[in-house]
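Here is protein-v1.tsv, consisting of TSV, C-alpha atoms and all ligand atoms:
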chain	number	residue	atom	x	y	z
Z	1	MET	CA	23.26	-19.99	4.74
Z	2	GLY	CA	20.35	-19.82	2.34
Z	3	THR	CA	19.81	-17.49	-0.60
Z	4	LEU	CA	20.29	-13.84	0.38
Z	5	ILE	CA	18.48	-11.14	-1.58
Z	6	LEU	CA	19.09	-7.42	-1.20
Z	7	GLY	CA	15.82	-5.60	-1.87
Z	8	ILE	CA	15.58	-1.93	-2.83
Z	9	GLU	CA	12.40	0.19	-2.84
Z	10	SER	CA	12.04	3.83	-3.90
Z	11	SER	CA	8.74	4.01	-5.78
Z	12	CYS	CA	7.08	6.76	-3.76
Z	13	ASP	CA	8.19	8.56	-0.59
Z	14	GLU	CA	10.02	5.82	1.30
Z	15	THR	CA	13.64	4.96	0.61
Z	16	ALA	CA	14.04	1.37	1.76
Z	17	ALA	CA	16.47	-1.54	1.65
Z	18	SER	CA	16.31	-4.99	3.17
Z	19	VAL	CA	18.14	-8.30	3.27
Z	20	VAL	CA	15.90	-11.37	3.23
Z	21	GLU	CA	16.97	-15.02	3.36
Z	22	ASP	CA	15.07	-17.59	1.31
Z	23	GLY	CA	12.17	-15.22	0.69
Z	24	ARG	CA	11.01	-15.28	4.29
Z	25	GLU	CA	13.63	-14.59	6.94
Z	26	ILE	CA	13.89	-10.81	7.27
Z	27	LEU	CA	17.49	-10.14	8.36
Z	28	SER	CA	17.07	-6.37	8.10
Z	29	SER	CA	14.48	-3.88	6.90
Z	30	VAL	CA	15.49	-0.23	6.84
Z	31	VAL	CA	12.92	2.40	5.84
Z	32	HIS	CA	13.67	6.09	5.54
Z	33	SER	CA	10.36	7.96	5.38
Z	34	GLN	CA	10.14	11.31	3.65
Z	35	ALA	CA	6.75	12.09	5.27
Z	36	ALA	CA	8.17	15.11	7.13
Z	37	LEU	CA	9.50	16.60	3.88
Z	38	HIS	CA	6.13	16.33	2.14
Z	39	ALA	CA	3.94	17.22	5.15
Z	40	ALA	CA	4.08	20.96	4.50
Z	41	HIS	CA	2.68	20.34	0.99
Z	42	GLY	CA	-0.14	18.01	2.11
Z	43	GLY	CA	1.05	15.26	-0.23
Z	44	VAL	CA	4.04	13.84	-2.07
Z	45	VAL	CA	5.92	16.34	-4.26
Z	46	PRO	CA	7.69	14.25	-6.95
Z	47	GLU	CA	10.74	16.54	-7.33
Z	48	ILE	CA	11.36	16.58	-3.59
Z	49	ALA	CA	10.91	12.80	-3.45
Z	50	GLY	CA	13.45	12.13	-6.21
Z	51	ARG	CA	16.10	14.32	-4.63
Z	52	SER	CA	15.65	12.82	-1.20
Z	53	HIS	CA	15.92	9.27	-2.61
Z	54	LEU	CA	19.20	10.25	-4.22
Z	55	GLN	CA	20.57	11.44	-0.88
Z	56	GLU	CA	19.33	8.48	1.13
Z	57	ILE	CA	19.66	5.47	-1.15
Z	58	LEU	CA	23.29	4.51	-0.46
Z	59	PRO	CA	23.18	5.12	3.32
Z	60	VAL	CA	19.95	3.10	3.53
Z	61	ILE	CA	21.46	0.20	1.54
Z	62	GLU	CA	24.59	0.27	3.71
Z	63	ALA	CA	22.50	0.26	6.87
Z	64	ALA	CA	20.45	-2.72	5.63
Z	65	LEU	CA	23.61	-4.72	4.84
Z	66	GLU	CA	25.18	-3.83	8.17
Z	67	LYS	CA	22.09	-4.73	10.22
Z	68	ALA	CA	21.90	-8.08	8.43
Z	69	ASN	CA	25.58	-8.69	9.09
Z	70	ALA	CA	25.98	-9.15	5.35
Z	71	SER	CA	28.18	-7.67	2.67
Z	72	LEU	CA	27.64	-7.42	-1.07
Z	73	GLU	CA	29.97	-10.42	-1.41
Z	74	SER	CA	27.49	-12.60	0.49
Z	75	ILE	CA	24.41	-11.38	-1.44
Z	76	ASP	CA	23.02	-13.70	-4.17
Z	77	ALA	CA	20.84	-11.25	-6.11
Z	78	ILE	CA	19.48	-7.72	-6.10
Z	79	ALA	CA	15.75	-7.11	-6.34
Z	80	VAL	CA	14.36	-3.65	-7.00
Z	81	THR	CA	10.95	-2.08	-7.50
Z	82	SER	CA	10.82	-1.16	-11.17
Z	83	ARG	CA	7.10	-0.35	-11.43
Z	84	PRO	CA	4.64	1.25	-10.82
Z	85	GLY	CA	5.42	4.53	-9.05
Z	86	LEU	CA	6.80	8.02	-9.52
Z	87	ILE	CA	9.25	7.76	-12.38
Z	88	GLY	CA	11.88	10.07	-10.87
Z	89	SER	CA	11.74	8.09	-7.63
Z	90	LEU	CA	11.82	4.66	-9.27
Z	91	LEU	CA	14.85	5.62	-11.36
Z	92	VAL	CA	16.96	6.25	-8.25
Z	93	GLY	CA	16.41	2.73	-6.88
Z	94	VAL	CA	16.70	1.07	-10.28
Z	95	SER	CA	19.95	2.91	-11.09
Z	96	ALA	CA	21.47	2.00	-7.72
Z	97	ALA	CA	20.43	-1.65	-8.14
Z	98	LYS	CA	21.89	-1.83	-11.65
Z	99	ALA	CA	25.19	-0.32	-10.54
Z	100	LEU	CA	25.51	-2.80	-7.66
Z	101	ALA	CA	24.47	-5.76	-9.81
Z	102	TRP	CA	26.94	-4.82	-12.51
Z	103	THR	CA	29.92	-4.13	-10.26
Z	104	HIS	CA	29.36	-7.33	-8.24
Z	105	GLY	CA	28.25	-9.57	-11.09
Z	106	LEU	CA	24.90	-10.30	-9.41
Z	107	PRO	CA	21.55	-11.21	-10.98
Z	108	LEU	CA	19.09	-8.31	-11.08
Z	109	VAL	CA	15.37	-8.85	-10.47
Z	110	GLY	CA	12.78	-6.17	-11.32
Z	111	VAL	CA	9.80	-6.37	-8.95
Z	112	HIS	CA	6.24	-5.11	-9.40
Z	113	HIS	CA	5.42	-2.98	-6.33
Z	114	ILE	CA	1.78	-4.12	-6.06
Z	115	GLU	CA	2.65	-7.81	-6.31
Z	116	ALA	CA	5.19	-7.23	-3.55
Z	117	HIS	CA	2.50	-5.67	-1.32
Z	118	VAL	CA	0.47	-8.87	-1.75
Z	119	TYR	CA	3.54	-10.99	-1.01
Z	120	ALA	CA	4.09	-9.08	2.26
Z	121	ALA	CA	1.12	-10.89	3.80
Z	122	SER	CA	2.47	-14.34	2.96
Z	123	MET	CA	6.02	-13.62	4.13
Z	124	GLU	CA	5.11	-13.69	7.75
Z	125	ARG	CA	3.30	-17.03	7.48
Z	126	ARG	CA	6.05	-19.51	8.18
Z	127	ASP	CA	4.05	-22.70	7.90
Z	128	ALA	CA	3.57	-23.98	4.35
Z	129	ALA	CA	0.14	-25.30	5.41
Z	130	ASP	CA	-0.73	-21.74	6.31
Z	131	SER	CA	-0.17	-20.42	2.77
Z	132	PRO	CA	-2.63	-17.72	1.71
Z	133	TYR	CA	-2.73	-18.91	-1.92
Z	134	PRO	CA	-4.95	-19.07	-3.87
Z	135	CYS	CA	-6.74	-15.97	-2.63
Z	136	LEU	CA	-8.44	-12.74	-3.53
Z	137	ALA	CA	-6.12	-9.83	-2.74
Z	138	LEU	CA	-7.16	-6.26	-2.01
Z	139	VAL	CA	-4.28	-3.82	-2.40
Z	140	VAL	CA	-5.22	-0.56	-0.81
Z	141	SER	CA	-2.64	2.21	-0.57
Z	142	GLY	CA	-1.99	5.86	-1.33
Z	143	GLY	CA	-1.63	5.18	-5.04
Z	144	HIS	CA	-3.71	2.03	-5.60
Z	145	THR	CA	-7.00	0.43	-4.71
Z	146	ALA	CA	-7.61	-2.75	-6.64
Z	147	LEU	CA	-8.60	-6.41	-6.39
Z	148	TYR	CA	-6.40	-9.23	-7.69
Z	149	ARG	CA	-6.74	-12.95	-8.11
Z	150	ALA	CA	-3.52	-14.39	-6.66
Z	151	ARG	CA	-2.79	-18.03	-7.52
Z	152	SER	CA	0.72	-18.02	-6.11
Z	153	GLU	CA	3.43	-15.53	-5.14
Z	154	ILE	CA	4.15	-14.81	-8.78
Z	155	GLU	CA	0.83	-15.46	-10.53
Z	156	ILE	CA	-1.31	-12.41	-9.92
Z	157	GLU	CA	-4.07	-11.05	-12.12
Z	158	ARG	CA	-5.89	-7.73	-11.71
Z	159	LEU	CA	-9.68	-7.99	-11.60
Z	160	GLY	CA	-10.61	-4.33	-11.24
Z	161	GLY	CA	-9.94	-1.23	-9.22
Z	162	THR	CA	-10.82	2.33	-8.40
Z	163	ARG	CA	-12.39	4.60	-11.00
Z	164	ASP	CA	-10.96	7.71	-9.38
Z	165	ASP	CA	-9.03	8.21	-6.14
Z	166	ALA	CA	-7.20	5.50	-4.25
Z	167	ALA	CA	-8.56	4.98	-0.73
Z	168	GLY	CA	-5.34	6.24	0.88
Z	169	GLU	CA	-5.45	9.31	-1.33
Z	170	ALA	CA	-9.00	10.03	-0.07
Z	171	PHE	CA	-7.70	9.77	3.53
Z	172	ASP	CA	-4.86	12.16	2.65
Z	173	LYS	CA	-7.22	14.71	1.03
Z	174	VAL	CA	-9.76	14.62	3.86
Z	175	ALA	CA	-6.92	15.01	6.39
Z	176	ASN	CA	-5.80	18.10	4.52
Z	177	LEU	CA	-9.33	19.53	4.63
Z	178	LEU	CA	-9.59	18.87	8.37
Z	179	GLY	CA	-6.18	20.39	9.04
Z	180	LEU	CA	-4.58	17.07	10.01
Z	181	PRO	CA	-0.97	16.17	9.14
Z	182	TYR	CA	0.20	14.10	6.15
Z	183	PRO	CA	0.04	11.12	5.80
Z	184	GLY	CA	-3.68	11.41	6.38
Z	185	GLY	CA	-4.57	7.78	7.10
Z	186	PRO	CA	-3.09	7.55	10.58
Z	187	SER	CA	-4.16	11.09	11.58
Z	188	VAL	CA	-7.78	10.74	10.36
Z	189	SER	CA	-7.97	7.34	12.01
Z	190	ARG	CA	-6.73	8.71	15.35
Z	191	LEU	CA	-9.30	11.52	15.30
Z	192	ALA	CA	-12.02	9.07	14.20
Z	193	GLU	CA	-11.62	7.12	17.45
Z	194	LYS	CA	-13.16	10.09	19.28
Z	195	GLY	CA	-16.09	10.49	16.88
Z	196	ASP	CA	-19.40	8.79	16.07
Z	197	PRO	CA	-19.21	6.79	12.82
Z	198	THR	CA	-23.01	6.98	12.42
Z	199	ALA	CA	-23.21	10.78	12.88
Z	200	LEU	CA	-23.03	11.59	9.17
Z	201	ASP	CA	-24.27	9.58	6.23
Z	202	PHE	CA	-21.67	9.90	3.49
Z	203	PRO	CA	-22.50	8.20	0.15
Z	204	ARG	CA	-21.21	4.69	-0.44
Z	205	PHE	CA	-20.39	3.70	-4.00
Z	206	ARG	CA	-21.88	0.37	-5.14
Z	207	PRO	CA	-21.04	-0.64	-8.72
Z	208	GLU	CA	-23.88	-1.70	-10.99
Z	209	SER	CA	-21.70	-3.93	-13.15
Z	210	GLU	CA	-20.39	-7.39	-12.31
Z	211	GLU	CA	-16.82	-6.21	-12.67
Z	212	PRO	CA	-15.17	-5.21	-9.38
Z	213	SER	CA	-14.71	-1.48	-8.98
Z	214	PHE	CA	-14.36	1.19	-6.32
Z	215	SER	CA	-14.95	4.93	-6.19
Z	216	PHE	CA	-14.08	7.37	-3.42
Z	217	SER	CA	-14.54	10.75	-5.06
Z	218	GLY	CA	-18.23	10.91	-4.01
Z	219	ILE	CA	-17.34	10.44	-0.34
Z	220	LYS	CA	-14.59	13.02	-0.59
Z	221	THR	CA	-16.87	15.59	-2.25
Z	222	ALA	CA	-19.61	14.94	0.33
Z	223	VAL	CA	-17.09	15.67	3.10
Z	224	LEU	CA	-16.08	18.88	1.33
Z	225	TYR	CA	-19.72	20.05	1.01
Z	226	HIS	CA	-20.45	19.13	4.60
Z	227	VAL	CA	-17.51	21.24	5.77
Z	228	ARG	CA	-18.17	24.18	3.46
Z	229	GLY	CA	-21.96	24.14	3.16
Z	230	GLN	CA	-23.79	23.88	-0.16
Z	231	ASP	CA	-22.71	27.30	-1.39
Z	232	ALA	CA	-20.08	26.55	-4.04
Z	233	LEU	CA	-18.62	30.03	-3.75
Z	234	ALA	CA	-18.27	29.97	0.02
Z	235	PRO	CA	-14.69	29.76	1.24
Z	236	THR	CA	-13.52	26.54	2.89
Z	237	PRO	CA	-13.47	27.19	6.65
Z	238	ARG	CA	-10.24	27.02	8.57
Z	239	PRO	CA	-9.80	23.59	10.24
Z	240	GLU	CA	-10.23	25.04	13.77
Z	241	GLU	CA	-13.65	26.45	12.72
Z	242	ILE	CA	-14.97	22.98	11.85
Z	243	ARG	CA	-16.93	21.91	14.92
Z	244	ASP	CA	-17.66	18.24	14.25
Z	245	ARG	CA	-14.21	17.17	13.03
Z	246	GLU	CA	-14.25	13.94	15.10
Z	247	ASP	CA	-17.63	12.88	13.71
Z	248	ILE	CA	-16.57	13.76	10.16
Z	249	ALA	CA	-13.41	11.67	10.53
Z	250	ALA	CA	-15.29	8.71	12.03
Z	251	SER	CA	-18.15	8.81	9.47
Z	252	PHE	CA	-15.70	9.22	6.58
Z	253	GLU	CA	-13.58	6.29	7.77
Z	254	ASP	CA	-16.71	4.18	8.24
Z	255	ALA	CA	-17.88	4.93	4.67
Z	256	VAL	CA	-14.50	4.13	3.08
Z	257	VAL	CA	-14.13	0.90	5.08
Z	258	ASP	CA	-17.69	-0.15	4.22
Z	259	VAL	CA	-17.05	0.34	0.47
Z	260	LEU	CA	-13.79	-1.64	0.66
Z	261	VAL	CA	-15.30	-4.52	2.65
Z	262	GLU	CA	-18.54	-4.80	0.62
Z	263	GLU	CA	-16.83	-4.84	-2.75
Z	264	THR	CA	-14.12	-7.25	-1.61
Z	265	LEU	CA	-16.65	-9.70	-0.20
Z	266	ARG	CA	-18.92	-9.37	-3.24
Z	267	THR	CA	-15.94	-10.28	-5.41
Z	268	ALA	CA	-14.92	-13.10	-3.06
Z	269	ARG	CA	-18.39	-14.60	-3.50
Z	270	ARG	CA	-18.18	-14.27	-7.28
Z	271	GLU	CA	-14.68	-15.77	-7.34
Z	272	ARG	CA	-15.56	-18.41	-4.75
Z	273	ALA	CA	-12.49	-17.35	-2.80
Z	274	ASP	CA	-12.20	-18.64	0.74
Z	275	THR	CA	-9.33	-16.29	1.64
Z	276	VAL	CA	-9.06	-12.55	1.25
Z	277	LEU	CA	-5.70	-10.91	1.71
Z	278	VAL	CA	-5.50	-7.19	2.41
Z	279	ALA	CA	-2.24	-5.28	1.89
Z	280	GLY	CA	-0.85	-1.79	1.29
Z	281	GLY	CA	-0.69	1.24	3.61
Z	282	VAL	CA	-4.44	1.46	4.28
Z	283	ALA	CA	-4.35	-2.16	5.52
Z	284	CYS	CA	-2.89	-0.61	8.72
Z	285	ASN	CA	-6.31	0.85	9.41
Z	286	ARG	CA	-7.78	-0.71	12.54
Z	287	ARG	CA	-11.42	-0.31	11.51
Z	288	LEU	CA	-10.69	-1.96	8.15
Z	289	ARG	CA	-8.88	-4.88	9.84
Z	290	LYS	CA	-11.74	-5.41	12.28
Z	291	GLU	CA	-14.66	-5.00	9.84
Z	292	MET	CA	-13.05	-7.12	7.13
Z	293	THR	CA	-12.19	-9.90	9.58
Z	294	GLU	CA	-15.67	-9.98	11.14
Z	295	ARG	CA	-17.73	-9.65	7.97
Z	296	ALA	CA	-15.57	-12.14	6.07
Z	297	SER	CA	-15.76	-14.64	8.89
Z	298	ALA	CA	-19.58	-14.37	8.90
Z	299	GLU	CA	-19.42	-15.69	5.31
Z	300	GLY	CA	-16.89	-18.41	6.10
Z	301	VAL	CA	-14.05	-16.46	4.50
Z	302	ARG	CA	-10.70	-15.96	6.23
Z	303	ALA	CA	-9.14	-12.49	6.10
Z	304	ILE	CA	-5.39	-12.06	6.43
Z	305	PHE	CA	-3.22	-8.95	6.74
Z	306	PRO	CA	0.52	-8.29	7.00
Z	307	SER	CA	1.58	-6.82	10.33
Z	308	PRO	CA	1.40	-3.00	10.12
Z	309	ALA	CA	5.15	-2.49	9.54
Z	310	TYR	CA	4.88	-4.54	6.33
Z	311	CYS	CA	1.61	-2.95	5.12
Z	312	THR	CA	3.27	0.37	4.28
Z	313	ASP	CA	6.13	0.60	1.79
Z	314	ASN	CA	9.21	-1.43	2.70
Z	315	ALA	CA	11.95	-3.36	0.91
Z	316	ALA	CA	11.52	-6.69	2.74
Z	317	MET	CA	8.52	-7.40	0.51
Z	318	ILE	CA	10.66	-6.59	-2.55
Z	319	ALA	CA	13.53	-8.87	-1.49
Z	320	GLY	CA	11.02	-11.56	-0.48
Z	321	LEU	CA	9.18	-11.62	-3.79
Z	322	GLY	CA	12.54	-11.21	-5.57
Z	323	PHE	CA	13.55	-14.61	-4.20
Z	324	HIS	CA	10.55	-16.32	-5.83
Z	325	LEU	CA	11.09	-14.51	-9.14
Z	326	LEU	CA	14.78	-15.48	-9.11
Z	327	ARG	CA	13.86	-19.10	-8.45
Z	328	ALA	CA	11.40	-19.00	-11.37
Z	329	GLY	CA	14.17	-17.64	-13.62
Z	330	ARG	CA	12.45	-14.28	-13.97
Z	331	THR	CA	15.54	-12.11	-13.76
Z	332	SER	CA	16.05	-8.84	-15.64
Z	333	GLY	CA	18.96	-7.63	-17.73
Z	334	LEU	CA	20.94	-4.47	-17.06
Z	335	ASP	CA	18.54	-2.78	-19.49
Z	336	LEU	CA	15.76	-3.09	-16.87
Z	337	ASP	CA	13.41	-0.16	-17.34
Z	338	ALA	CA	11.43	1.78	-14.75
Z	339	SER	CA	7.79	2.43	-15.50
Z	340	PRO	CA	5.12	4.59	-13.82
Z	341	ARG	CA	2.48	1.97	-14.76
P	1	LIG	O1	1.52	1.45	0.73
P	1	LIG	P1	1.87	2.85	1.12
P	1	LIG	O2	2.92	3.06	2.18
P	1	LIG	O3	2.34	3.68	-0.13
P	1	LIG	C1	1.78	3.54	-1.39
P	1	LIG	O4	2.19	2.61	-2.13
P	1	LIG	O5	0.88	4.37	-1.68
P	1	LIG	O6	0.48	3.55	1.56
P	1	LIG	C2	0.44	4.87	2.03
P	1	LIG	C3	-1.02	5.25	2.24
P	1	LIG	C4	-1.22	6.73	2.58
P	1	LIG	O7	-2.24	7.26	1.75
P	1	LIG	C5	-1.67	6.69	4.04
P	1	LIG	O8	-2.54	7.78	4.37
P	1	LIG	C6	-2.38	5.36	4.12
P	1	LIG	O9	-1.59	4.50	3.33
P	1	LIG	N1	-2.45	4.86	5.50
P	1	LIG	C7	-3.61	4.69	6.17
P	1	LIG	C8	-3.27	4.27	7.49
P	1	LIG	N2	-1.90	4.19	7.55
P	1	LIG	C9	-1.43	4.55	6.33
P	1	LIG	N3	-4.89	4.86	5.79
P	1	LIG	C10	-5.85	4.63	6.71
P	1	LIG	N4	-5.60	4.25	7.97
P	1	LIG	C11	-4.34	4.06	8.42
P	1	LIG	N5	-4.12	3.68	9.67
P	2	ZN	ZN	3.05	0.87	-1.73

Mind converting the file's structure to C-alpha cells?
Ligand code: KG4
Ligand code: ZN
Amino acid sequence: MGTLILGIESSCDETAASVVEDGREILSSVVHSQAALHAAHGGVVPEIAGRSHLQEILPVIEAALEKANASLESIDAIAVTSRPGLIGSLLVGVSAAKALAWTHGLPLVGVHHIEAHVYAASMERRDAADSPYPCLALVVSGGHTALYRARSEIEIERLGGTRDDAAGEAFDKVANLLGLPYPGGPSVSRLAEKGDPTALDFPRFRPESEEPSFSFSGIKTAVLYHVRGQDALAPTPRPEEIRDREDIAASFEDAVVDVLVEETLRTARRERADTVLVAGGVACNRRLRKEMTERASAEGVRAIFPSPAYCTDNAAMIAGLGFHLLRAGRTSGLDLDASPR
C-alpha cells in the first residue's frame, strides 16, 4: 500500500472528497453538486453554498472513504482546499479537515485550488515520460481565467489573467440572458451545436501589451445589446422571444474560444512553451478542446486536457497535489487559514 491522501474540496458549489494513492491512483472521487440549489438564482448564492457544504461534508467524506475501502486509520494525510474561493464555503472544508487531522494525529496539507486544477491534467498521465511539465497552463473556470508558467506540480507562477469576468462566468451570464439553466457552460454549448458560429460577429479582445490578459465583458455586453437592441431603456426580451438563440450561443462560444486560444498561443510563443495544459470547468467545452488542439498543433505545440470529470471541481485533484506537497514537506499547522484570494 502506498501513501493514501484524503482530499477535501468545498471552495465553491461542489462538496467533494476523494482518496488518492501516491498522487495518481484515484481510489474514490465523490462530488456532491449544489447546481440544482443555485439554478433558481442563476448563479452561486454564497449563503446557500455554505449551508449546503455543512450538511454534505461528513456524508461525502464517509462515502469517499467507503468507496476507497479505506478508513481514517489507513489514511496518511489530509489535504484540503484552503484558497481561493468563497470564504464561507472554504471554512467548512478547512474546519472538517482540521478536526479529522487533529483527532487522528494526521498531517494537514492546505492546497491552492488553481494549482490543483492544473495538477488534474497530469494525474491521468501515468507514464513519467508523458509528464506535462514544464508547460504553460490555462486555468479557465467559473471564477478564474488566467495563464500560469508551471515548472512542476508544485512550482507554478501566474503570468496574467482576466481584467473582468472569468470565461465560465460569461457563459453563466449569457445562459441567464438566453433563459438557459445554470451552470451556463454546458447549456450554452448544447444550444450552440445547433447554431452558426459565424452568424454574428461579437468583439474579440486582443491585448495591446506584452503581458498576457483576457477580457470577456465586451462579448457579454455585445450579446446583451444584440438581444435587447441598441435602446438602453428597452426591456430585455423574454428568452422565448429571442429568435436566433442558437446562432447567438454558437457565435458567443466561438468568440470566447477564439480569445482563449489566441492569447494562450501568443503567450506560448513568448514563453517558448511546447506544451499547453488547459484545466478548470470551461476545459470541458468541446469547441475549446478542438480549437486549442488543432491551432496548437499547427504551431508544433501539444495541448493537453484532463478528462471532463476532472476539469470541473473535484477532490481527487486536491488529494493528488496534496501528495506532492506532503512529499516536499509543505504541510500546514492546525492554524491553517482559509482565504478568498
Ligand atoms: O472549475 P469549476 O467547476 O468551478 C470553478 O472553480 O469555478 O468551473 C465551473 C464553470 C462554470 O462557469 C461552468 O459554466 C463552466 O465551468 N463550464 C463550461 C462547460 N462546462 C462547465 N463552460 C463552457 N463549456 C462547458 N462545456
Ligand atoms: Zn474550480

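Among the candidate residues Z:Ala192, Z:Val30, Z:Ala268, Z:Leu321, the one lying nearest to Gly300 in chain Z is Z:Ala268, with distances computed using all atoms listed in the file.
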
### Query
Given the choices Z:Pro340, Z:Pro59, Z:Gly185, Z:Gly320, which gets closest to Leu288 in chain Z if the distance is worked out from all atoms listed in the file?
Z:Gly185

### Task
Using all atoms listed in the file, determine which residues lie at most 10 Å from Arg149 in chain Z, disregarding the query and same-chain residues fewer than 5 positions distant; provide the list as a list in words.
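Near Arg149 in chain Z, the qualifying residues are Tyr133, Pro134, Cys135, Leu136, Ala137, Leu138, Glu155, Ile156, Glu157, Arg158, Leu159, Gly160, Thr267, Ala268, Glu271, Ala273 and Val276 of chain Z.
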
### Query
Z:Ser152, Z:Ile248, Z:Gly85, Z:Asp196: which is nearest Gly50 in chain Z, counting all atoms listed in the file?
Z:Gly85

Considering all atoms listed in the file, give me a table of residues in chain Z that are at most 7 Å from ligand LIG 1 (chain P), with the closest atom pair and distance in Å for each, as JSON lines.
{"residue": "Z:Cys12", "atom": "CA", "partner": "P:LIG1", "partner_atom": "O4", "distance": 6.6}
{"residue": "Z:Ser141", "atom": "CA", "partner": "P:LIG1", "partner_atom": "O6", "distance": 4.0}
{"residue": "Z:Gly142", "atom": "CA", "partner": "P:LIG1", "partner_atom": "O5", "distance": 3.3}
{"residue": "Z:Gly143", "atom": "CA", "partner": "P:LIG1", "partner_atom": "O5", "distance": 4.3}
{"residue": "Z:His144", "atom": "CA", "partner": "P:LIG1", "partner_atom": "O5", "distance": 6.5}
{"residue": "Z:Gly168", "atom": "CA", "partner": "P:LIG1", "partner_atom": "O7", "distance": 3.4}
{"residue": "Z:Glu169", "atom": "CA", "partner": "P:LIG1", "partner_atom": "O7", "distance": 4.9}
{"residue": "Z:Phe171", "atom": "CA", "partner": "P:LIG1", "partner_atom": "O8", "distance": 5.6}
{"residue": "Z:Asp172", "atom": "CA", "partner": "P:LIG1", "partner_atom": "O8", "distance": 5.2}
{"residue": "Z:Pro183", "atom": "CA", "partner": "P:LIG1", "partner_atom": "O8", "distance": 4.5}
{"residue": "Z:Gly184", "atom": "CA", "partner": "P:LIG1", "partner_atom": "O8", "distance": 4.3}
{"residue": "Z:Gly185", "atom": "CA", "partner": "P:LIG1", "partner_atom": "N3", "distance": 3.2}
{"residue": "Z:Pro186", "atom": "CA", "partner": "P:LIG1", "partner_atom": "N5", "distance": 4.1}
{"residue": "Z:Ser189", "atom": "CA", "partner": "P:LIG1", "partner_atom": "N4", "distance": 5.6}
{"residue": "Z:Gly280", "atom": "CA", "partner": "P:LIG1", "partner_atom": "O1", "distance": 4.1}
{"residue": "Z:Gly281", "atom": "CA", "partner": "P:LIG1", "partner_atom": "O6", "distance": 3.3}
{"residue": "Z:Val282", "atom": "CA", "partner": "P:LIG1", "partner_atom": "N3", "distance": 3.7}
{"residue": "Z:Ala283", "atom": "CA", "partner": "P:LIG1", "partner_atom": "C8", "distance": 6.8}
{"residue": "Z:Cys284", "atom": "CA", "partner": "P:LIG1", "partner_atom": "N5", "distance": 4.6}
{"residue": "Z:Asn285", "atom": "CA", "partner": "P:LIG1", "partner_atom": "N5", "distance": 3.6}
{"residue": "Z:Arg286", "atom": "CA", "partner": "P:LIG1", "partner_atom": "N5", "distance": 6.4}
{"residue": "Z:Cys311", "atom": "CA", "partner": "P:LIG1", "partner_atom": "O1", "distance": 6.2}
{"residue": "Z:Thr312", "atom": "CA", "partner": "P:LIG1", "partner_atom": "O2", "distance": 3.4}
{"residue": "Z:Asp313", "atom": "CA", "partner": "P:LIG1", "partner_atom": "O2", "distance": 4.1}

### Query
With distances taken over only C-alpha atoms and all ligand atoms, which of Z:Glu9, Z:Asp130, Z:Asp335, Z:Glu291 is nearest to ligand ZN 2 (chain P)?
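The shortest atom-to-atom distance to ligand ZN 2 (chain P) comes from Z:Glu9.
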
### Task
Enter the distance from CA of Thr198 in chain Z to CA of Ser217 in chain Z, in Å, rounded to one decimal.
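It comes out at 19.8 Å.
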
### Task
Using only C-alpha atoms, give me every residue within 6 Å of (-12.4, 12.1, 15.8) in file coordinates, as a list in words.
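Collected hits near the coordinates: Leu191, Ala192, Glu193, Lys194, Gly195, Glu246, Asp247, Ala249 and Ala250 of chain Z.
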
### Message
One decimal, in Å: what's the spacing between CA of Glu211 in chain Z and CA of Arg269 in chain Z?
### Response
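Straight-line distance from CA of Glu211 in chain Z to CA of Arg269 in chain Z works out to 12.5 Å.
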
### Task
For Leu6 in chain Z, work out the shell of residues within 9 Å, counting all atoms listed in the file and skipping chain neighbours fewer than 6 positions away, then give it as an NGL selection string.
:Z and (17-20 or 61 or 64-65 or 72 or 75-80 or 315-316 or 318-319 or 322)

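Interatomic distance, CA of Ala97 in chain Z to CA of Leu147 in chain Z: 29.5 Å.
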
Where is the centre and how long are the edges: axis-aligned box on range 199-214 of chain Z, 5 Å on each side, Å to one decimal, as JSON:
{"center_x": -19.3, "center_y": 2.1, "center_z": -0.1, "size_x": 19.9, "size_y": 29.0, "size_z": 36.0}

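The closest residue to ligand ZN 2 (chain P), picked from Z:His117, Z:Arg287, Z:His104, Z:Arg24 and counting all atoms listed in the file, is Z:His117.
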
### Query
With distances taken over only C-alpha atoms and all ligand atoms, which of Z:Gln230, Z:Ser251, Z:Gln34, Z:Ser10 is nearest to ligand ZN 2 (chain P)?
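So, comparing all the options, the nearest one is Z:Ser10.
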